[in-house]
Structure formats: C-alpha cells, structure tokens
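A.B. asks: Quick one, protein-v2.txt (compact mmCIF, C-alpha atoms):
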```txt
# COMPACT_ATOMS: atom_id res chain seq x y z
CA MET A 1 12.71 -15.24 -4.65
CA GLU A 2 11.92 -15.83 -8.30
CA GLY A 3 8.35 -14.60 -7.85
CA TYR A 4 9.50 -11.47 -6.01
CA ASN A 5 12.11 -10.72 -8.66
CA HIS A 6 9.49 -11.06 -11.40
CA VAL A 7 7.33 -8.39 -9.73
CA ILE A 8 10.27 -6.06 -9.13
CA ASP A 9 11.55 -6.44 -12.71
CA PHE A 10 8.09 -5.58 -14.00
CA ILE A 11 7.93 -2.39 -11.90
CA GLN A 12 11.47 -1.36 -12.92
CA GLN A 13 10.90 -1.83 -16.65
CA ASP A 14 11.17 1.09 -19.05
CA GLY A 15 7.79 2.62 -19.73
CA PHE A 16 6.22 1.50 -16.45
CA LYS A 17 4.84 4.96 -15.74
CA GLU A 18 3.31 5.22 -19.20
CA LEU A 19 1.75 1.78 -18.75
CA THR A 20 0.20 2.71 -15.39
CA ASN A 21 -0.89 6.30 -16.07
CA LYS A 22 -4.43 4.96 -16.45
CA ALA A 23 -4.41 4.13 -12.74
CA LEU A 24 -4.08 7.83 -11.96
CA GLU A 25 -6.80 8.74 -14.45
CA LEU A 26 -9.16 6.32 -12.71
CA ASN A 27 -8.36 7.72 -9.26
CA ARG A 28 -6.44 10.92 -8.63
CA LYS A 29 -3.07 12.35 -9.50
CA VAL A 30 -0.93 13.94 -6.81
CA PRO A 31 1.75 16.43 -8.01
CA ASN A 32 5.51 16.13 -7.46
CA GLU A 33 5.78 12.39 -8.00
CA ASP A 34 9.25 10.92 -7.46
CA ASN A 35 11.12 8.57 -9.82
CA HIS A 36 10.40 5.32 -8.01
CA THR A 37 8.31 3.97 -5.17
CA THR A 38 9.72 4.38 -1.67
CA PHE A 39 7.95 1.30 -0.32
CA LEU A 40 7.08 -2.05 -1.81
CA ALA A 41 5.24 -4.85 0.00
CA ILE A 42 4.71 -8.20 -1.75
CA ASP A 43 2.64 -10.95 -0.13
CA PHE A 44 2.67 -14.56 -1.28
CA GLY A 45 0.47 -17.38 -0.01
CA ILE A 46 1.58 -21.01 0.26
CA CYS A 47 -0.53 -23.08 -2.12
CA GLU A 48 -0.68 -26.65 -3.35
CA GLU A 49 -0.84 -27.19 -7.09
CA ASP A 50 -0.64 -30.61 -8.75
CA GLY A 51 0.64 -32.07 -5.50
CA LYS A 52 3.44 -29.50 -5.16
CA ILE A 53 3.84 -26.57 -2.79
CA ILE A 54 4.11 -23.30 -4.69
CA PRO A 55 3.90 -19.63 -3.68
CA LYS A 56 1.06 -17.61 -5.24
CA LEU A 57 0.87 -13.83 -5.18
CA ILE A 58 -1.79 -12.46 -2.85
CA GLU A 59 -1.08 -8.76 -3.10
CA VAL A 60 1.56 -6.24 -4.13
CA GLN A 61 1.49 -2.73 -2.70
CA GLY A 62 3.45 0.41 -3.53
CA PHE A 63 2.70 1.45 0.02
CA PRO A 64 4.21 0.98 3.51
CA SER A 65 3.15 -2.02 5.54
CA LEU A 66 3.57 -2.71 9.27
CA PHE A 67 7.28 -1.94 9.09
CA ASN A 68 7.65 -0.91 12.73
CA PHE A 69 5.29 -3.45 14.26
CA GLN A 70 6.79 -6.36 12.31
CA ASN A 71 10.23 -5.50 13.61
CA HIS A 72 9.06 -5.63 17.23
CA LEU A 73 6.96 -8.73 16.60
CA SER A 74 10.04 -10.63 15.45
CA GLN A 75 11.80 -9.69 18.70
CA LYS A 76 8.82 -10.92 20.73
CA PHE A 77 9.02 -14.28 18.97
CA VAL A 78 12.65 -14.60 20.00
CA ASP A 79 11.80 -13.63 23.60
CA PHE A 80 9.33 -16.53 23.85
CA TYR A 81 11.19 -18.96 21.59
CA PRO A 82 14.92 -18.28 22.12
CA PHE A 83 16.02 -20.85 19.52
CA LEU A 84 14.69 -18.49 16.85
CA ASN A 85 17.67 -16.20 17.47
CA GLN A 86 19.46 -18.39 14.95
CA LEU A 87 17.19 -16.90 12.28
CA THR A 88 16.71 -13.31 11.11
CA PRO A 89 13.79 -11.41 9.56
CA PHE A 90 16.22 -8.96 7.94
CA LEU A 91 17.79 -8.91 4.49
CA ASN A 92 21.13 -7.56 3.24
CA GLY A 93 22.91 -7.97 6.56
CA LEU A 94 20.68 -5.60 8.51
CA ASP A 95 19.98 -6.06 12.20
CA ASN A 96 17.49 -4.42 14.54
CA GLU A 97 19.57 -1.28 15.06
CA SER A 98 20.51 -0.73 11.42
CA TYR A 99 16.96 -1.53 10.28
CA LEU A 100 15.48 1.18 12.53
CA LYS A 101 18.12 3.62 11.35
CA LEU A 102 17.25 2.88 7.72
CA ILE A 103 13.51 3.26 8.34
CA GLU A 104 14.12 6.60 10.07
CA GLU A 105 16.24 7.85 7.16
CA VAL A 106 13.61 6.83 4.63
CA ILE A 107 10.71 8.38 6.53
CA CYS A 108 12.39 11.59 7.71
CA ASN A 109 14.91 12.31 4.93
CA ASN A 110 17.00 14.36 7.43
CA HIS A 111 14.14 16.73 8.28
CA PRO A 112 13.56 17.67 11.95
CA LYS A 113 11.21 15.15 13.53
CA GLU A 114 8.53 17.74 14.34
CA ASN A 115 8.27 18.60 10.63
CA VAL A 116 7.60 14.99 9.62
CA ILE A 117 4.21 13.39 10.28
CA LEU A 118 2.58 10.00 9.95
CA LEU A 119 -0.71 10.80 8.20
CA GLU A 120 -3.81 8.59 8.49
CA ILE A 121 -7.61 8.70 8.70
CA GLU A 122 -8.60 8.67 12.38
CA PRO A 123 -5.42 6.75 13.26
CA GLU A 124 -6.65 5.76 16.73
CA LYS A 125 -9.47 3.74 15.10
CA GLN A 126 -7.36 1.86 12.55
CA ASN A 127 -6.59 -1.85 12.91
CA THR A 128 -2.95 -0.97 12.19
CA LYS A 129 -2.69 1.59 14.99
CA ILE A 130 -0.11 -0.50 16.89
CA ASP A 131 2.30 0.16 14.02
CA PHE A 132 1.67 3.91 14.34
CA TYR A 133 2.41 3.82 18.08
CA TYR A 134 5.67 1.96 17.51
CA CYS A 135 6.60 4.41 14.76
CA LYS A 136 5.98 7.37 17.07
CA ARG A 137 8.01 5.74 19.85
CA ASP A 138 10.91 4.52 17.68
CA ILE A 139 11.27 7.46 15.32
CA GLY A 140 9.66 10.29 17.27
CA ILE A 141 7.32 11.69 14.63
CA PRO A 142 3.74 12.76 15.44
CA VAL A 143 0.70 10.81 14.22
CA VAL A 144 -1.80 13.17 12.58
CA CYS A 145 -5.33 12.70 11.25
CA VAL A 146 -6.12 14.06 7.78
CA THR A 147 -8.75 16.36 9.31
CA GLU A 148 -6.10 18.05 11.48
CA LEU A 149 -4.00 19.42 8.61
CA ILE A 150 -4.32 23.08 7.65
CA GLN A 151 -3.37 24.40 4.21
CA LYS A 152 -1.97 27.92 3.88
CA GLY A 153 -1.00 28.65 0.32
CA LYS A 154 1.23 25.77 -0.74
CA LYS A 155 2.22 24.85 2.83
CA LEU A 156 0.64 22.43 5.30
CA PHE A 157 0.54 22.77 9.08
CA TYR A 158 -0.60 20.76 12.10
CA THR A 159 -1.04 21.83 15.72
CA ASN A 160 1.25 20.11 18.24
CA ASP A 161 0.46 19.13 21.83
CA LYS A 162 1.35 22.66 23.01
CA GLY A 163 -1.10 24.30 20.62
CA ILE A 164 1.62 25.58 18.30
CA GLU A 165 1.22 25.38 14.53
CA ILE A 166 4.08 23.40 12.99
CA GLU A 167 4.89 23.29 9.29
CA VAL A 168 4.76 19.85 7.66
CA LYS A 169 7.74 19.28 5.38
CA ARG A 170 7.44 15.53 4.82
CA ILE A 171 4.49 13.11 5.08
CA TYR A 172 4.80 9.42 5.91
CA ASN A 173 1.59 8.59 4.09
CA ARG A 174 -0.58 5.80 5.51
CA VAL A 175 -3.86 7.03 3.99
CA ILE A 176 -5.68 4.45 1.87
CA PHE A 177 -7.60 6.51 -0.68
CA ASP A 178 -10.27 3.85 -1.12
CA GLU A 179 -11.20 4.46 2.51
CA LEU A 180 -10.86 8.23 2.20
CA ASP A 181 -13.31 8.28 -0.72
CA LEU A 182 -15.85 6.35 1.37
CA ARG A 183 -15.53 8.75 4.32
CA THR A 184 -17.75 11.53 2.99
CA ASP A 185 -18.30 12.60 6.61
CA LEU A 186 -14.73 13.88 6.93
CA GLN A 187 -13.99 17.59 6.48
CA LEU A 188 -10.51 18.08 4.99
CA ASN A 189 -8.84 21.47 5.03
CA PHE A 190 -6.43 20.64 2.20
CA ASP A 191 -6.46 18.94 -1.18
CA PHE A 192 -4.22 15.96 -1.92
CA SER A 193 -4.24 16.94 -5.60
CA ALA A 194 -2.97 20.47 -4.90
CA ASP A 195 0.61 21.46 -5.71
CA LEU A 196 1.85 21.48 -2.13
CA ASP A 197 5.28 22.37 -0.81
CA VAL A 198 5.74 19.00 0.89
CA GLU A 199 7.69 15.76 0.40
CA TRP A 200 6.10 12.32 0.47
CA ALA A 201 7.31 9.08 1.99
CA GLY A 202 5.93 7.33 -0.20
CA HIS A 203 4.21 9.31 -2.84
CA PRO A 204 0.48 8.49 -3.20
CA ASN A 205 0.73 7.97 -6.97
CA TRP A 206 2.75 4.80 -6.44
CA PHE A 207 -0.09 3.29 -4.45
CA PHE A 208 -2.33 3.68 -7.51
CA ARG A 209 0.30 2.62 -10.04
CA ILE A 210 1.31 -0.58 -8.24
CA SER A 211 -1.30 -1.68 -5.73
CA LYS A 212 -3.79 -3.97 -7.45
CA PHE A 213 -3.42 -2.26 -10.82
CA ILE A 214 -0.52 -4.40 -12.05
CA LEU A 215 -2.11 -7.76 -11.17
CA PRO A 216 -3.59 -8.33 -14.67
CA TYR A 217 -0.10 -7.77 -16.16
CA LEU A 218 1.69 -10.38 -14.04
CA LYS A 219 1.78 -13.73 -15.78
CA GLY A 220 3.37 -17.03 -14.81
CA GLU A 221 3.23 -19.84 -12.29
CA TYR A 222 3.43 -17.56 -9.24
CA PHE A 223 0.43 -15.42 -10.20
CA ILE A 224 -3.31 -15.97 -10.25
CA GLU A 225 -4.84 -15.68 -13.72
CA THR A 226 -6.29 -12.15 -13.71
CA THR A 227 -7.85 -10.07 -16.49
CA LEU A 228 -9.46 -6.67 -16.55
CA LEU A 229 -13.14 -7.32 -17.07
CA SER A 230 -13.18 -4.69 -19.82
CA ASP A 231 -10.51 -6.70 -21.68
CA LEU A 232 -12.32 -10.05 -21.40
CA LYS A 233 -12.62 -11.50 -24.92
CA GLU A 234 -14.79 -14.52 -24.12
CA ILE A 235 -16.83 -15.55 -21.09
CA PRO A 236 -15.51 -18.86 -19.66
CA THR A 237 -17.94 -21.72 -19.28
CA ASP A 238 -16.66 -22.52 -15.76
CA LEU A 239 -17.67 -19.24 -14.08
CA GLU A 240 -17.82 -21.06 -10.73
CA ASN A 241 -14.01 -20.99 -10.77
CA TYR A 242 -13.78 -17.19 -10.97
CA VAL A 243 -14.38 -14.17 -8.74
CA LEU A 244 -14.93 -10.53 -9.62
CA LYS A 245 -12.92 -7.97 -7.69
CA PRO A 246 -13.11 -4.19 -7.96
CA LEU A 247 -9.70 -3.03 -9.11
CA PHE A 248 -9.67 -0.35 -6.42
CA SER A 249 -11.57 -1.18 -3.25
CA PHE A 250 -11.07 -0.85 0.49
CA SER A 251 -10.35 -3.92 2.60
CA GLY A 252 -11.68 -6.38 0.03
CA SER A 253 -15.12 -4.78 -0.26
CA GLY A 254 -17.21 -5.41 -3.35
CA VAL A 255 -15.86 -8.88 -4.22
CA ILE A 256 -18.40 -11.05 -6.08
CA PHE A 257 -17.84 -14.75 -5.39
CA HIS A 258 -20.74 -16.31 -7.29
CA VAL A 259 -20.27 -14.99 -10.80
CA LYS A 260 -23.13 -15.27 -13.31
CA LYS A 261 -23.28 -14.18 -16.95
CA LYS A 262 -25.95 -11.64 -16.09
CA THR A 263 -23.53 -10.22 -13.47
CA LEU A 264 -20.82 -9.44 -16.01
CA LYS A 265 -22.47 -7.17 -18.56
CA PRO A 266 -23.45 -4.30 -16.20
CA LEU A 267 -19.91 -4.24 -14.80
CA GLN A 268 -17.87 -4.33 -18.00
CA LYS A 269 -17.49 -0.57 -18.15
CA LYS A 270 -16.31 -0.47 -14.54
CA THR A 271 -12.82 -1.23 -13.24
CA TYR A 272 -13.22 -4.84 -12.17
CA THR A 273 -10.75 -7.69 -12.40
CA PHE A 274 -11.79 -11.19 -13.41
CA CYS A 275 -9.75 -13.64 -11.32
CA ARG A 276 -9.47 -17.40 -11.53
CA LYS A 277 -9.68 -18.81 -7.98
CA LYS A 278 -8.50 -22.32 -8.78
```
Go through the file and emit its structure as structure tokens.

C.D. replies:
Amino acid sequence: MEGYNHVIDFIQQDGFKELTNKALELNRKVPNEDNHTTFLAIDFGICEEDGKIIPKLIEVQGFPSLFNFQNHLSQKFVDFYPFLNQLTPFLNGLDNESYLKLIEEVICNNHPKENVILLEIEPEKQNTKIDFYYCKRDIGIPVVCVTELIQKGKKLFYTNDKGIEIEVKRIYNRVIFDELDLRTDLQLNFDFSADLDVEWAGHPNWFFRISKFILPYLKGEYFIETTLLSDLKEIPTDLENYVLKPLFSFSGSGVIFHVKKKTLKPLQKKTYTFCRKK
C-alpha cells in the first residue's frame, strides 16, 4: 500500500493542477473540469531486486479501467474455486451489491439512465468491449460510438434503438484520445474542446494530467527511473539499459527499445520519456 499511497499523495498535493497544465497544452483542454479525478487505476508489477520481491509501478491512469468486467471475473473465480470465497476483491467493506451501487452512482450521478452514455470509439471493435456489455447490463446505460453523437448548440444527442433523439446529460468517457487522434477516418459531429452542456464521468483532462504524465515526477523504490527526454542533462553510458517511450501514445506504440546516441537528438524536442529498464 505504500506505493499506492505515494501516488495518491502526489496527485492530491497542492498545486497539482498547475504542475500538470503542460499536459493539456501538449494535448487538448476540455472545458468544465472538476476538482479531482473520478477514477484512478494504479498497476504494479511484481519484480525481483537484489534478491527481494518488490512492487514496481507499471502504469497509473486517471481513467476508468475494467470496473464492471473485473467484478464479474472475481465471481467466476469463486464459482470454479469455491475456497476463494474466503477472500474479497473489494476494499472498505464493500461487497458485490454495494460495489455495483457505488459504480452506478458514480457513473450516473442520479441522472435518468437514458441520458447517460458510455462513450467509445467503435465500441464493438475494442478489446475491452466485454466491460461495456457488462456495464450496459448491470447499470442500464447505452453504449455509443463517438461518430453517433450530434451537437446542437451546447447540447449533445444520440439516437436510441427506437430512432428517437435523446439528450446526453452525462458521459461515462472511455475514449482514449491517443487512439482518437490516429483515427483520421472518423467523422465526428461534435468537438470535445467545445463548451458543452454535459457532465463527465471522468473528465478527459484528468486522463492527460495523470496518465503517463506524472511518471517522471514519481521517485523512490516503487518507481522506475524516468526522465523527460527534454530534461535529460547527460546521456548515460549504459544506453542498453534504457528505453524511449512517447509520453502520450496508444497501446504502447512508438517505444524504442534499442536506444542509440544518434536516436536521442532528433527526439529531444518531442514529448518522450527516458526510462531505465533495469
């Protein structure tokens, strides 16, 4: 828990927004940002260091994960391995029923279900689509593709199964903007950066502020040594022990494993991180 608490304390510190405003400048800024992230997912890997087992941060995301699928997956484990019912995947005394109630409250914020949507890019083609299907079944909100939204003034609408236009009042956002930027073939009828009359669960700005961007700021035994390439003072002699990762990239694309001195100079003005791999 110490590693998790370190990440959370960093995000909750005074001045966090000022520190991470650059992330929005490098990407996009969506209006009506809330005071804190709605979702936070922190992944640690089990590593061996000096003969000891130690967790090392893999990723931290200000973005929802497989929150519905994971819940059902844990139940399936118990179905096949009944002795696991002595354990729980939940924190703070939650159980399956109270967890689903909490997720529904967070996603819907007391709005009618038809006015809340799960938004994604071609959701039926995503690897995470099983989570969308569970969300639709458990909570009862529609799953909508970004190309299906219609903007009228400051309001957004989608068309339901009966062909009726329904106003969108809250968006459970599952759009990864790295992917959206790559999909130049998509025709959107609204602008994420417009001042829209809609609530977000969670607000897109927190994805940019937290996801990947804070890695160079996290220091200590639970974190991989990471530096913004633009901040690199001296090129290490053991470049074979480092990788270059685009600060914002989709599904790990653009990682350079075999780093050479001649590789570094052309990239120094770009948003790359310089990460020690061992």

A.B. asks: Using all atoms listed in the file, which residues sit within 7 Å of range 34-41 of chain A once same-chain residues fewer than 6 positions away are excluded, as JSON, numbers by chain?

C.D. replies: {"A": [60, 61, 62, 63, 64, 65, 201, 202, 206]}

A.B. asks: Counting all atoms listed in the file, which residues of range 144-196 of chain A sit at most 12 Å from some atom of range 208-230 of chain A, and what is each one's closest atom pair with its distance in Å to one decimal, listed by chain and rising residue number, as a Markdown table?

C.D. replies:
```
| residue | atom | partner | partner_atom | distance |
| --- | --- | --- | --- | --- |
| A:Ile176 | CA | A:Phe208 | CA | 10.0 |
| A:Phe177 | CA | A:Phe208 | CA | 9.1 |
| A:Asp178 | CA | A:Phe208 | CA | 10.2 |
```

A.B. asks: If you keep C-alpha atoms, can you produce a file of those selected residues as a PDB file, in the coordinates of the input?

C.D. replies:
```pdb
ATOM      1  CA  ILE A 176      -5.680   4.450   1.870  1.00  0.00           C
ATOM      2  CA  PHE A 177      -7.600   6.510  -0.680  1.00  0.00           C
ATOM      3  CA  ASP A 178     -10.270   3.850  -1.120  1.00  0.00           C
TER       4      ASP A 178
END
```

A.B. asks: Taking all atoms listed in the file into account, name the residue in A:Arg183, A:Lys233, A:Lys261, A:Arg174 that is nearest to Pro123 in chain A.

C.D. replies: A:Arg174

A.B. asks: So what do you get for CA of Gln126 in chain A versus CA of Gln75 in chain A, distance-wise?

C.D. replies: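 If I compute the distance from CA of Gln126 in chain A to CA of Gln75 in chain A, I get 23.2 Å.
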
A.B. asks: Residues within 12 Å of Pro236 in chain A, please, as a PyMOL selection string. Count all atoms listed in the file; anything in the same chain fewer than 3 positions from it doesn't count.

C.D. replies: chain A and resi 232-233+239-243+259-261+264+274-276

A.B. asks: Please indicate the distance in Å from CA of His72 in chain A to CA of Ile141 in chain A, rounded to one decimal place.

C.D. replies: 17.6 Å

A.B. asks: Take CA of Gln187 in chain A and CA of Leu149 in chain A and report the distance between them in Å, one decimal.

C.D. replies: 10.4 Å
